[in-house]
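K.L.:
Data file upload.cif (mmCIF, C-alpha atoms (C1' of nucleotides); chains and numbers go by the auth columns) is appended below.
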data_start
loop_
_atom_site.group_PDB
_atom_site.id
_atom_site.type_symbol
_atom_site.label_atom_id
_atom_site.label_comp_id
_atom_site.label_asym_id
_atom_site.label_seq_id
_atom_site.Cartn_x
_atom_site.Cartn_y
_atom_site.Cartn_z
_atom_site.B_iso_or_equiv
_atom_site.auth_seq_id
_atom_site.auth_asym_id
ATOM 1 C CA MET A 1 0.000 0.000 0.000 0.00 1 A
ATOM 2 C CA ASP A 2 1.409 3.397 -0.829 0.00 2 A
ATOM 3 C CA GLU A 3 1.840 6.080 1.787 0.00 3 A
ATOM 4 C CA HIS A 4 -0.956 8.327 0.617 0.00 4 A
ATOM 5 C CA THR A 5 -3.479 5.502 0.423 0.00 5 A
ATOM 6 C CA PHE A 6 -2.729 4.591 4.010 0.00 6 A
ATOM 7 C CA THR A 7 -2.659 8.106 5.410 0.00 7 A
ATOM 8 C CA HIS A 8 -5.732 9.208 3.515 0.00 8 A
ATOM 9 C CA ASN A 9 -7.840 6.193 4.386 0.00 9 A
ATOM 10 C CA PHE A 10 -6.758 5.427 7.911 0.00 10 A
ATOM 11 C CA SER A 11 -6.587 8.949 9.347 0.00 11 A
ATOM 12 C CA ASN A 12 -9.069 8.936 12.177 0.00 12 A
ATOM 13 C CA HIS A 13 -10.353 12.443 11.524 0.00 13 A
ATOM 14 C CA LYS A 14 -11.508 11.782 7.961 0.00 14 A
ATOM 15 C CA ARG A 15 -14.600 10.229 6.470 0.00 15 A
ATOM 16 C CA THR A 16 -13.535 8.459 3.344 0.00 16 A
ATOM 17 C CA HIS A 17 -15.763 6.815 0.795 0.00 17 A
ATOM 18 C CA LYS A 18 -13.542 3.773 0.634 0.00 18 A
ATOM 19 C CA THR A 19 -12.694 1.125 3.174 0.00 19 A
ATOM 20 C CA TYR A 20 -9.306 -0.534 3.408 0.00 20 A
ATOM 21 C CA LEU A 21 -8.553 -3.618 5.434 0.00 21 A
ATOM 22 C CA CYS A 22 -5.120 -4.952 6.361 0.00 22 A
ATOM 23 C CA TYR A 23 -4.955 -8.470 7.726 0.00 23 A
ATOM 24 C CA GLU A 24 -2.447 -10.780 9.336 0.00 24 A
ATOM 25 C CA VAL A 25 -2.931 -14.507 9.778 0.00 25 A
ATOM 26 C CA GLU A 26 -1.239 -16.537 12.448 0.00 26 A
ATOM 27 C CA ILE A 27 -1.530 -20.296 12.657 0.00 27 A
ATOM 28 C CA LEU A 28 -0.908 -21.625 16.131 0.00 28 A
ATOM 29 C CA HIS A 29 0.901 -24.960 15.786 0.00 29 A
ATOM 30 C CA GLY A 30 1.726 -26.826 12.661 0.00 30 A
ATOM 31 C CA ASP A 31 1.989 -26.062 9.012 0.00 31 A
ATOM 32 C CA SER A 32 -0.552 -23.505 7.949 0.00 32 A
ATOM 33 C CA GLY A 33 -1.171 -24.527 4.377 0.00 33 A
ATOM 34 C CA ILE A 34 -1.510 -20.855 3.556 0.00 34 A
ATOM 35 C CA PRO A 35 0.549 -19.746 0.573 0.00 35 A
ATOM 36 C CA PRO A 36 3.479 -17.753 1.977 0.00 36 A
ATOM 37 C CA ASP A 37 2.405 -14.541 0.317 0.00 37 A
ATOM 38 C CA GLU A 38 -1.047 -14.661 1.774 0.00 38 A
ATOM 39 C CA ASP A 39 -0.307 -14.636 5.462 0.00 39 A
ATOM 40 C CA LYS A 40 -0.702 -10.883 5.340 0.00 40 A
ATOM 41 C CA GLY A 41 -2.138 -8.436 2.917 0.00 41 A
ATOM 42 C CA PHE A 42 -4.682 -5.747 2.355 0.00 42 A
ATOM 43 C CA LEU A 43 -7.998 -5.397 0.591 0.00 43 A
ATOM 44 C CA CYS A 44 -10.326 -2.617 -0.461 0.00 44 A
ATOM 45 C CA ASN A 45 -14.056 -2.580 -1.034 0.00 45 A
ATOM 46 C CA LYS A 46 -15.537 -2.282 -4.487 0.00 46 A
ATOM 47 C CA GLY A 47 -17.625 0.841 -4.792 0.00 47 A
ATOM 48 C CA THR A 48 -20.180 2.114 -7.214 0.00 48 A
ATOM 49 C CA ASP A 49 -17.372 3.763 -9.148 0.00 49 A
ATOM 50 C CA GLN A 50 -16.254 0.345 -10.361 0.00 50 A
ATOM 51 C CA PRO A 51 -17.971 -2.112 -12.702 0.00 51 A
ATOM 52 C CA GLY A 52 -20.096 -4.864 -11.250 0.00 52 A
ATOM 53 C CA LEU A 53 -21.947 -5.043 -7.990 0.00 53 A
ATOM 54 C CA PRO A 54 -20.522 -3.119 -5.029 0.00 54 A
ATOM 55 C CA CYS A 55 -19.007 -5.235 -2.280 0.00 55 A
ATOM 56 C CA HIS A 56 -17.897 -4.355 1.208 0.00 56 A
ATOM 57 C CA VAL A 57 -14.341 -5.278 2.017 0.00 57 A
ATOM 58 C CA GLU A 58 -15.303 -7.724 4.778 0.00 58 A
ATOM 59 C CA LEU A 59 -16.905 -10.028 2.240 0.00 59 A
ATOM 60 C CA TYR A 60 -13.698 -10.085 0.213 0.00 60 A
ATOM 61 C CA LEU A 61 -11.876 -11.013 3.395 0.00 61 A
ATOM 62 C CA LEU A 62 -14.217 -13.929 4.060 0.00 62 A
ATOM 63 C CA GLY A 63 -13.756 -15.067 0.484 0.00 63 A
ATOM 64 C CA ARG A 64 -10.019 -14.985 0.873 0.00 64 A
ATOM 65 C CA ILE A 65 -10.101 -16.899 4.158 0.00 65 A
ATOM 66 C CA ARG A 66 -12.295 -19.576 2.621 0.00 66 A
ATOM 67 C CA SER A 67 -9.924 -19.857 -0.330 0.00 67 A
ATOM 68 C CA TRP A 68 -7.142 -20.856 2.067 0.00 68 A
ATOM 69 C CA LYS A 69 -8.956 -24.057 3.044 0.00 69 A
ATOM 70 C CA LEU A 70 -7.650 -23.784 6.572 0.00 70 A
ATOM 71 C CA ASP A 71 -7.154 -26.960 8.557 0.00 71 A
ATOM 72 C CA ARG A 72 -9.971 -27.019 11.079 0.00 72 A
ATOM 73 C CA LYS A 73 -7.753 -28.836 13.552 0.00 73 A
ATOM 74 C CA LEU A 74 -5.368 -25.893 13.786 0.00 74 A
ATOM 75 C CA HIS A 75 -6.206 -22.656 15.485 0.00 75 A
ATOM 76 C CA CYS A 76 -6.025 -19.608 13.274 0.00 76 A
ATOM 77 C CA ARG A 77 -5.719 -16.116 14.674 0.00 77 A
ATOM 78 C CA LEU A 78 -6.728 -13.385 12.276 0.00 78 A
ATOM 79 C CA THR A 79 -5.959 -9.758 13.045 0.00 79 A
ATOM 80 C CA CYS A 80 -7.557 -7.039 10.943 0.00 80 A
ATOM 81 C CA PHE A 81 -6.921 -3.330 10.756 0.00 81 A
ATOM 82 C CA ILE A 82 -9.816 -1.657 9.015 0.00 82 A
ATOM 83 C CA SER A 83 -10.491 1.975 8.231 0.00 83 A
ATOM 84 C CA TRP A 84 -14.204 1.722 9.100 0.00 84 A
ATOM 85 C CA THR A 85 -15.838 -0.681 11.526 0.00 85 A
ATOM 86 C CA PRO A 86 -18.042 -3.241 9.747 0.00 86 A
ATOM 87 C CA CYS A 87 -21.593 -2.199 8.903 0.00 87 A
ATOM 88 C CA GLY A 88 -24.435 -4.119 10.552 0.00 88 A
ATOM 89 C CA THR A 89 -24.783 -6.578 7.698 0.00 89 A
ATOM 90 C CA CYS A 90 -21.076 -7.323 7.451 0.00 90 A
ATOM 91 C CA ALA A 91 -20.777 -7.616 11.221 0.00 91 A
ATOM 92 C CA ARG A 92 -23.466 -10.312 11.195 0.00 92 A
ATOM 93 C CA GLU A 93 -21.742 -12.090 8.299 0.00 93 A
ATOM 94 C CA LEU A 94 -18.486 -12.126 10.244 0.00 94 A
ATOM 95 C CA ALA A 95 -20.282 -13.321 13.362 0.00 95 A
ATOM 96 C CA GLU A 96 -21.851 -16.163 11.427 0.00 96 A
ATOM 97 C CA PHE A 97 -18.467 -17.129 10.025 0.00 97 A
ATOM 98 C CA LEU A 98 -16.940 -17.232 13.497 0.00 98 A
ATOM 99 C CA LYS A 99 -19.748 -19.433 14.771 0.00 99 A
ATOM 100 C CA GLU A 100 -19.224 -21.886 11.931 0.00 100 A
ATOM 101 C CA ASN A 101 -15.442 -21.791 12.183 0.00 101 A
ATOM 102 C CA SER A 102 -14.511 -22.198 15.802 0.00 102 A
ATOM 103 C CA HIS A 103 -10.878 -22.741 14.798 0.00 103 A
ATOM 104 C CA VAL A 104 -10.679 -19.116 13.698 0.00 104 A
ATOM 105 C CA SER A 105 -10.462 -16.216 16.126 0.00 105 A
ATOM 106 C CA LEU A 106 -10.816 -12.668 14.959 0.00 106 A
ATOM 107 C CA CYS A 107 -9.354 -9.479 16.338 0.00 107 A
ATOM 108 C CA ILE A 108 -10.426 -6.211 14.728 0.00 108 A
ATOM 109 C CA PHE A 109 -8.804 -2.810 15.122 0.00 109 A
ATOM 110 C CA ALA A 110 -10.706 -0.014 13.415 0.00 110 A
ATOM 111 C CA SER A 111 -9.674 3.529 12.672 0.00 111 A
ATOM 112 C CA ARG A 112 -13.200 4.965 12.737 0.00 112 A
ATOM 113 C CA ILE A 113 -16.700 3.880 13.653 0.00 113 A
ATOM 114 C CA TYR A 114 -19.044 3.441 10.722 0.00 114 A
ATOM 115 C CA SER A 115 -22.268 4.632 12.247 0.00 115 A
ATOM 116 C CA LEU A 116 -25.176 4.150 9.907 0.00 116 A
ATOM 117 C CA ASN A 117 -28.271 2.022 10.193 0.00 117 A
ATOM 118 C CA ASP A 118 -28.002 -0.881 12.629 0.00 118 A
ATOM 119 C CA TYR A 119 -24.271 -0.639 13.175 0.00 119 A
ATOM 120 C CA GLU A 120 -24.471 -0.762 16.960 0.00 120 A
ATOM 121 C CA ALA A 121 -26.399 -4.026 17.172 0.00 121 A
ATOM 122 C CA GLY A 122 -24.149 -5.440 14.477 0.00 122 A
ATOM 123 C CA LEU A 123 -21.004 -4.683 16.440 0.00 123 A
ATOM 124 C CA ARG A 124 -22.502 -6.240 19.565 0.00 124 A
ATOM 125 C CA THR A 125 -23.452 -9.365 17.616 0.00 125 A
ATOM 126 C CA LEU A 126 -19.917 -9.614 16.316 0.00 126 A
ATOM 127 C CA GLN A 127 -18.490 -9.243 19.783 0.00 127 A
ATOM 128 C CA GLU A 128 -20.850 -11.883 21.135 0.00 128 A
ATOM 129 C CA ALA A 129 -19.591 -14.246 18.440 0.00 129 A
ATOM 130 C CA GLY A 130 -16.172 -13.956 20.022 0.00 130 A
ATOM 131 C CA ALA A 131 -14.513 -11.212 18.018 0.00 131 A
ATOM 132 C CA GLN A 132 -12.344 -8.676 19.790 0.00 132 A
ATOM 133 C CA ILE A 133 -13.134 -5.183 18.576 0.00 133 A
ATOM 134 C CA ALA A 134 -11.078 -2.123 19.408 0.00 134 A
ATOM 135 C CA ILE A 135 -10.117 1.262 18.035 0.00 135 A
ATOM 136 C CA MET A 136 -6.679 1.719 16.507 0.00 136 A
ATOM 137 C CA THR A 137 -4.219 3.641 18.641 0.00 137 A
ATOM 138 C CA PHE A 138 -0.812 5.042 17.731 0.00 138 A
ATOM 139 C CA LYS A 139 0.614 1.581 18.273 0.00 139 A
ATOM 140 C CA GLU A 140 -1.653 -0.023 15.655 0.00 140 A
ATOM 141 C CA PHE A 141 -1.232 2.808 13.149 0.00 141 A
ATOM 142 C CA ARG A 142 2.528 2.531 13.438 0.00 142 A
ATOM 143 C CA HIS A 143 2.371 -1.249 13.142 0.00 143 A
ATOM 144 C CA CYS A 144 0.317 -0.969 9.952 0.00 144 A
ATOM 145 C CA TRP A 145 2.699 1.630 8.566 0.00 145 A
ATOM 146 C CA GLU A 146 5.650 -0.622 9.219 0.00 146 A
ATOM 147 C CA THR A 147 3.946 -3.797 8.015 0.00 147 A
ATOM 148 C CA PHE A 148 1.724 -2.841 5.091 0.00 148 A
ATOM 149 C CA VAL A 149 2.951 0.505 3.745 0.00 149 A
ATOM 150 C CA ASP A 150 5.661 0.965 1.146 0.00 150 A
ATOM 151 C CA HIS A 151 7.255 3.560 3.426 0.00 151 A
ATOM 152 C CA GLN A 152 10.671 3.744 1.739 0.00 152 A
ATOM 153 C CA GLY A 153 12.327 3.629 5.110 0.00 153 A
ATOM 154 C CA ARG A 154 10.466 6.630 6.466 0.00 154 A
ATOM 155 C CA PRO A 155 9.094 6.328 10.006 0.00 155 A
ATOM 156 C CA PHE A 156 5.403 6.685 10.757 0.00 156 A
ATOM 157 C CA GLN A 157 4.411 10.312 11.210 0.00 157 A
ATOM 158 C CA PRO A 158 1.284 10.674 13.330 0.00 158 A
ATOM 159 C CA TRP A 159 -1.187 13.344 12.317 0.00 159 A
ATOM 160 C CA ASP A 160 -2.566 15.987 14.634 0.00 160 A
ATOM 161 C CA GLU A 161 -5.304 14.757 16.928 0.00 161 A
ATOM 162 C CA LEU A 162 -4.458 11.093 16.390 0.00 162 A
ATOM 163 C CA ASP A 163 -4.480 10.303 20.085 0.00 163 A
ATOM 164 C CA ILE A 164 -7.435 12.423 21.094 0.00 164 A
ATOM 165 C CA ASN A 165 -9.551 11.054 18.249 0.00 165 A
ATOM 166 C CA SER A 166 -8.555 7.508 19.076 0.00 166 A
ATOM 167 C CA GLN A 167 -9.425 7.997 22.720 0.00 167 A
ATOM 168 C CA GLY A 168 -12.789 9.535 21.915 0.00 168 A
ATOM 169 C CA LEU A 169 -13.677 6.759 19.485 0.00 169 A
ATOM 170 C CA SER A 170 -12.598 4.133 22.006 0.00 170 A
ATOM 171 C CA LYS A 171 -14.969 5.531 24.584 0.00 171 A
ATOM 172 C CA GLU A 172 -17.733 5.582 21.999 0.00 172 A
ATOM 173 C CA LEU A 173 -17.059 1.987 21.002 0.00 173 A
ATOM 174 C CA GLN A 174 -16.936 0.858 24.613 0.00 174 A
ATOM 175 C CA ALA A 175 -20.302 2.441 25.226 0.00 175 A
ATOM 176 C CA ILE A 176 -21.747 0.598 22.233 0.00 176 A
ATOM 177 C CA LEU A 177 -20.267 -2.752 23.171 0.00 177 A
ATOM 178 C CA GLN A 178 -21.254 -2.480 26.802 0.00 178 A
ATOM 179 C CA THR A 179 -24.877 -1.759 26.052 0.00 179 A
ATOM 180 C CA ARG A 180 -27.041 -4.740 26.759 0.00 180 A
ATOM 181 C CA GLN A 181 -28.911 -6.304 23.901 0.00 181 A
ATOM 182 C CA ASN A 182 -32.646 -6.476 24.238 0.00 182 A
ATOM 183 C "C1'" DA B 1 -17.083 18.154 -9.356 0.00 1 B
ATOM 184 C "C1'" DT B 2 -18.483 18.455 -4.482 0.00 2 B
ATOM 185 C "C1'" DT B 3 -19.447 16.666 -0.348 0.00 3 B
ATOM 186 C "C1'" DT B 4 -22.657 13.639 2.265 0.00 4 B
ATOM 187 C "C1'" DT B 5 -19.757 7.388 6.796 0.00 5 B
ATOM 188 C "C1'" DC B 6 -17.754 0.859 2.244 0.00 6 B
ATOM 189 C "C1'" DA B 7 -21.512 7.532 -1.983 0.00 7 B
ATOM 190 C "C1'" DA B 8 -24.901 10.208 -3.413 0.00 8 B
ATOM 191 C "C1'" DT B 9 -25.914 14.203 -5.669 0.00 9 B
#
For the structure just supplied, provide its representation as structure tokens.
P.N.:
Amino acid sequence: MDEHTFTHNFSNHKRTHKTYLCYEVEILHGDSGIPPDEDKGFLCNKGTDQPGLPCHVELYLLGRIRSWKLDRKLHCRLTCFISWTPCGTCARELAEFLKENSHVSLCIFASRIYSLNDYEAGLRTLQEAGAQIAIMTFKEFRHCWETFVDHQGRPFQPWDELDINSQGLSKELQAILQTRQN
DNA sequence: ATTTTCAAT
């Protein structure tokens, strides 16, 4: 991923019309069976500006995971860094996947909270399915920069308000996740 | 082209 794509899409004070997702796969014990170049990578949604039906990035991620044909006997830990939290529909899709694939655990760090429609219930459903959901902090932004960005040796430069935005969004997410479902 | 959260206007 180039520097501008990362900075533009992951800055936590912007509202972009694209969603990027960086992922890392870790197989605990044994040979993964994952092609070596697919243990980490990034994806982007397909919007209405591209041919074909639009598709949220989470569905591409599920497609990619399924293509790996993971060994159900081995535990797989998947960590995602995503510029927007999943929408309600995608959150339920991910939750369903986790229920059907108990050998996969999912940890999501999001830059911003996508807050349209039934996003709150969706995030709670995803959490109840076992996913860890948190807001990206400086540590995660720097990790993504170092891991996924073609940074040409340049260190991660935080933008203004990174920390304060992250803290505010974390409180907001905590409030959502701690609300009891009815 | 602008703005309006995985675009919509």
K.L.:
Residues at most 10 Å from segment 1-7 of chain B, counting all atoms listed in the file, excluding those fewer than 2 positions away in the same chain, as a list in words?
P.N.:
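Counting only the stated atoms, we get Lys14, Arg15, Thr16, His17, Lys18, Thr19, Tyr20, Cys44, Asn45, Lys46, Gly47, Thr48, Asp49, Pro54, Cys55, His56, Val57, Glu58, Ser83, Trp84, Thr85, Pro86, Cys87, Arg112, Ile113, Tyr114, Ser115 and Leu116 of chain A; DT9 of chain B.
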K.L.:
Please enumerate the residues selected by the PyMOL selection byres ((chain A and resi 12) around 12) when evaluated against the supplied file, formatted as an mmCIF file with C-alpha atoms, keeping the file's coordinate frame.
P.N.:
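Written output follows (expr28.cif):
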data_model
loop_
_atom_site.group_PDB
_atom_site.id
_atom_site.type_symbol
_atom_site.label_atom_id
_atom_site.label_comp_id
_atom_site.auth_asym_id
_atom_site.auth_seq_id
_atom_site.Cartn_x
_atom_site.Cartn_y
_atom_site.Cartn_z
ATOM 1 C CA PHE A 6 -2.729 4.591 4.010
ATOM 2 C CA THR A 7 -2.659 8.106 5.410
ATOM 3 C CA HIS A 8 -5.732 9.208 3.515
ATOM 4 C CA ASN A 9 -7.840 6.193 4.386
ATOM 5 C CA PHE A 10 -6.758 5.427 7.911
ATOM 6 C CA SER A 11 -6.587 8.949 9.347
ATOM 7 C CA HIS A 13 -10.353 12.443 11.524
ATOM 8 C CA LYS A 14 -11.508 11.782 7.961
ATOM 9 C CA ARG A 15 -14.600 10.229 6.470
ATOM 10 C CA THR A 16 -13.535 8.459 3.344
ATOM 11 C CA ILE A 82 -9.816 -1.657 9.015
ATOM 12 C CA SER A 83 -10.491 1.975 8.231
ATOM 13 C CA TRP A 84 -14.204 1.722 9.100
ATOM 14 C CA THR A 85 -15.838 -0.681 11.526
ATOM 15 C CA ALA A 110 -10.706 -0.014 13.415
ATOM 16 C CA SER A 111 -9.674 3.529 12.672
ATOM 17 C CA ARG A 112 -13.200 4.965 12.737
ATOM 18 C CA ILE A 113 -16.700 3.880 13.653
ATOM 19 C CA TYR A 114 -19.044 3.441 10.722
ATOM 20 C CA ILE A 135 -10.117 1.262 18.035
ATOM 21 C CA MET A 136 -6.679 1.719 16.507
ATOM 22 C CA THR A 137 -4.219 3.641 18.641
ATOM 23 C CA PHE A 138 -0.812 5.042 17.731
ATOM 24 C CA PHE A 141 -1.232 2.808 13.149
ATOM 25 C CA PRO A 158 1.284 10.674 13.330
ATOM 26 C CA TRP A 159 -1.187 13.344 12.317
ATOM 27 C CA ASP A 160 -2.566 15.987 14.634
ATOM 28 C CA GLU A 161 -5.304 14.757 16.928
ATOM 29 C CA LEU A 162 -4.458 11.093 16.390
ATOM 30 C CA ASP A 163 -4.480 10.303 20.085
ATOM 31 C CA ILE A 164 -7.435 12.423 21.094
ATOM 32 C CA ASN A 165 -9.551 11.054 18.249
ATOM 33 C CA SER A 166 -8.555 7.508 19.076
ATOM 34 C CA GLN A 167 -9.425 7.997 22.720
ATOM 35 C CA GLY A 168 -12.789 9.535 21.915
ATOM 36 C CA LEU A 169 -13.677 6.759 19.485
ATOM 37 C CA SER A 170 -12.598 4.133 22.006
#
K.L.:
Please measure the separation of atom CA of Ile176 of chain A and atom CA of Leu21 of chain A, giving the value in Å to one decimal.
P.N.:
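Separation between atom CA of Ile176 of chain A and atom CA of Leu21 of chain A: 21.8 Å.
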K.L.:
Using all atoms listed in the file, can you tell me which of A:Asp2, A:Glu128, A:Asp118, A:Asp71 comes closest to Lys99 of chain A?
P.N.:
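For Lys99 of chain A, the nearest of the candidates is A:Glu128.
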K.L.:
What does the distance between atom C1' of DA8 of chain B and atom CA of His4 of chain A come to in Å, to one decimal place?
P.N.:
24.4 Å
K.L.:
Would you mind reading off the distance between atom CA of Ile34 of chain A and atom CA of Ile108 of chain A, one decimal, in Å?
P.N.:
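Separating atom CA of Ile34 of chain A from atom CA of Ile108 of chain A is a distance of 20.5 Å.
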K.L.:
Please, which residues are within 9 Å of (-13.0, -20.6, 12.5) by the file's coordinates, counting all atoms listed in the file, and could they come as a list in words?
P.N.:
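Output of the proximity query reads Leu70, Arg72, His75, Cys76, Arg77, Phe97, Leu98, Lys99, Glu100, Asn101, Ser102, His103, Val104, Ser105 and Leu106 of chain A.
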K.L.:
First collect every listed atom of segment 5-9 of chain B; then fit an axis-aligned box around them, widen it by 8 Å on each side, and give centre and edge lengths in Å to one decimal, as lines of an AutoDock Vina configuration file.
P.N.:
center_x = -21.8
center_y = 7.5
center_z = 0.6
size_x = 24.2
size_y = 29.3
size_z = 28.5
K.L.:
Return the single residue from A:Arg66, A:Glu24, A:Cys90, A:Leu78 that is closest to chain B, with distances computed using only C-alpha atoms (C1' of nucleotides).
P.N.:
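Looking only at the distances to chain B, the closest residue turns out to be A:Cys90.
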K.L.:
Which residues fall under the PyMOL selection byres ((chain A and resi 156) around 10) in this file, as JSON, numbers by chain?
P.N.:
{"A": [3, 7, 138, 141, 142, 143, 144, 145, 146, 149, 151, 153, 154, 155, 157, 158, 159]}
K.L.:
Please export segment 126-144 of chain A as a short mmCIF file (atom, residue, chain, number, x, y, z; two decimals), in the first residue's frame, restricted to N, CA, C and O atoms.
P.N.:
data_model
loop_
_atom_site.label_atom_id
_atom_site.label_comp_id
_atom_site.auth_asym_id
_atom_site.auth_seq_id
_atom_site.Cartn_x
_atom_site.Cartn_y
_atom_site.Cartn_z
N LEU A 126 -21.25 -9.15 16.67
CA LEU A 126 -19.92 -9.61 16.32
C LEU A 126 -19.08 -9.89 17.57
O LEU A 126 -18.37 -10.90 17.64
N GLN A 127 -19.22 -9.03 18.53
CA GLN A 127 -18.49 -9.24 19.78
C GLN A 127 -18.98 -10.51 20.48
O GLN A 127 -18.19 -11.31 20.99
N GLU A 128 -20.29 -10.70 20.47
CA GLU A 128 -20.85 -11.88 21.14
C GLU A 128 -20.42 -13.17 20.45
O GLU A 128 -20.38 -14.23 21.08
N ALA A 129 -20.07 -13.07 19.17
CA ALA A 129 -19.59 -14.25 18.44
C ALA A 129 -18.13 -14.53 18.75
O ALA A 129 -17.55 -15.47 18.21
N GLY A 130 -17.53 -13.69 19.58
CA GLY A 130 -16.17 -13.96 20.02
C GLY A 130 -15.11 -13.03 19.47
O GLY A 130 -13.94 -13.15 19.83
N ALA A 131 -15.51 -12.12 18.59
CA ALA A 131 -14.51 -11.21 18.02
C ALA A 131 -14.10 -10.16 19.04
O ALA A 131 -14.92 -9.71 19.84
N GLN A 132 -12.84 -9.81 19.00
CA GLN A 132 -12.34 -8.68 19.79
C GLN A 132 -12.43 -7.45 18.89
O GLN A 132 -11.94 -7.49 17.75
N ILE A 133 -13.00 -6.39 19.38
CA ILE A 133 -13.13 -5.18 18.58
C ILE A 133 -12.57 -4.01 19.36
O ILE A 133 -12.97 -3.79 20.51
N ALA A 134 -11.68 -3.27 18.74
CA ALA A 134 -11.08 -2.12 19.41
C ALA A 134 -10.75 -1.05 18.38
O ALA A 134 -10.75 -1.29 17.17
N ILE A 135 -10.50 0.14 18.89
CA ILE A 135 -10.12 1.26 18.04
C ILE A 135 -8.60 1.30 17.91
O ILE A 135 -7.88 1.04 18.88
N MET A 136 -8.12 1.62 16.73
CA MET A 136 -6.68 1.72 16.51
C MET A 136 -6.09 2.87 17.31
O MET A 136 -6.65 3.97 17.34
N THR A 137 -4.97 2.60 17.95
CA THR A 137 -4.22 3.64 18.64
C THR A 137 -2.92 3.87 17.87
O THR A 137 -2.66 3.22 16.86
N PHE A 138 -2.11 4.76 18.36
CA PHE A 138 -0.81 5.04 17.73
C PHE A 138 -0.05 3.75 17.46
O PHE A 138 0.53 3.57 16.39
N LYS A 139 -0.10 2.85 18.41
CA LYS A 139 0.61 1.58 18.27
C LYS A 139 0.16 0.80 17.03
O LYS A 139 0.99 0.29 16.27
N GLU A 140 -1.15 0.71 16.81
CA GLU A 140 -1.65 -0.02 15.65
C GLU A 140 -1.39 0.72 14.34
O GLU A 140 -1.08 0.11 13.32
N PHE A 141 -1.52 2.05 14.37
CA PHE A 141 -1.23 2.81 13.15
C PHE A 141 0.23 2.62 12.75
O PHE A 141 0.55 2.43 11.59
N ARG A 142 1.10 2.68 13.73
CA ARG A 142 2.53 2.53 13.44
C ARG A 142 2.83 1.11 12.94
O ARG A 142 3.60 0.91 12.01
N HIS A 143 2.18 0.14 13.58
CA HIS A 143 2.37 -1.25 13.14
C HIS A 143 1.94 -1.43 11.69
O HIS A 143 2.63 -2.07 10.89
N CYS A 144 0.79 -0.86 11.33
CA CYS A 144 0.32 -0.97 9.95
C CYS A 144 1.28 -0.27 9.00
O CYS A 144 1.58 -0.78 7.92
#
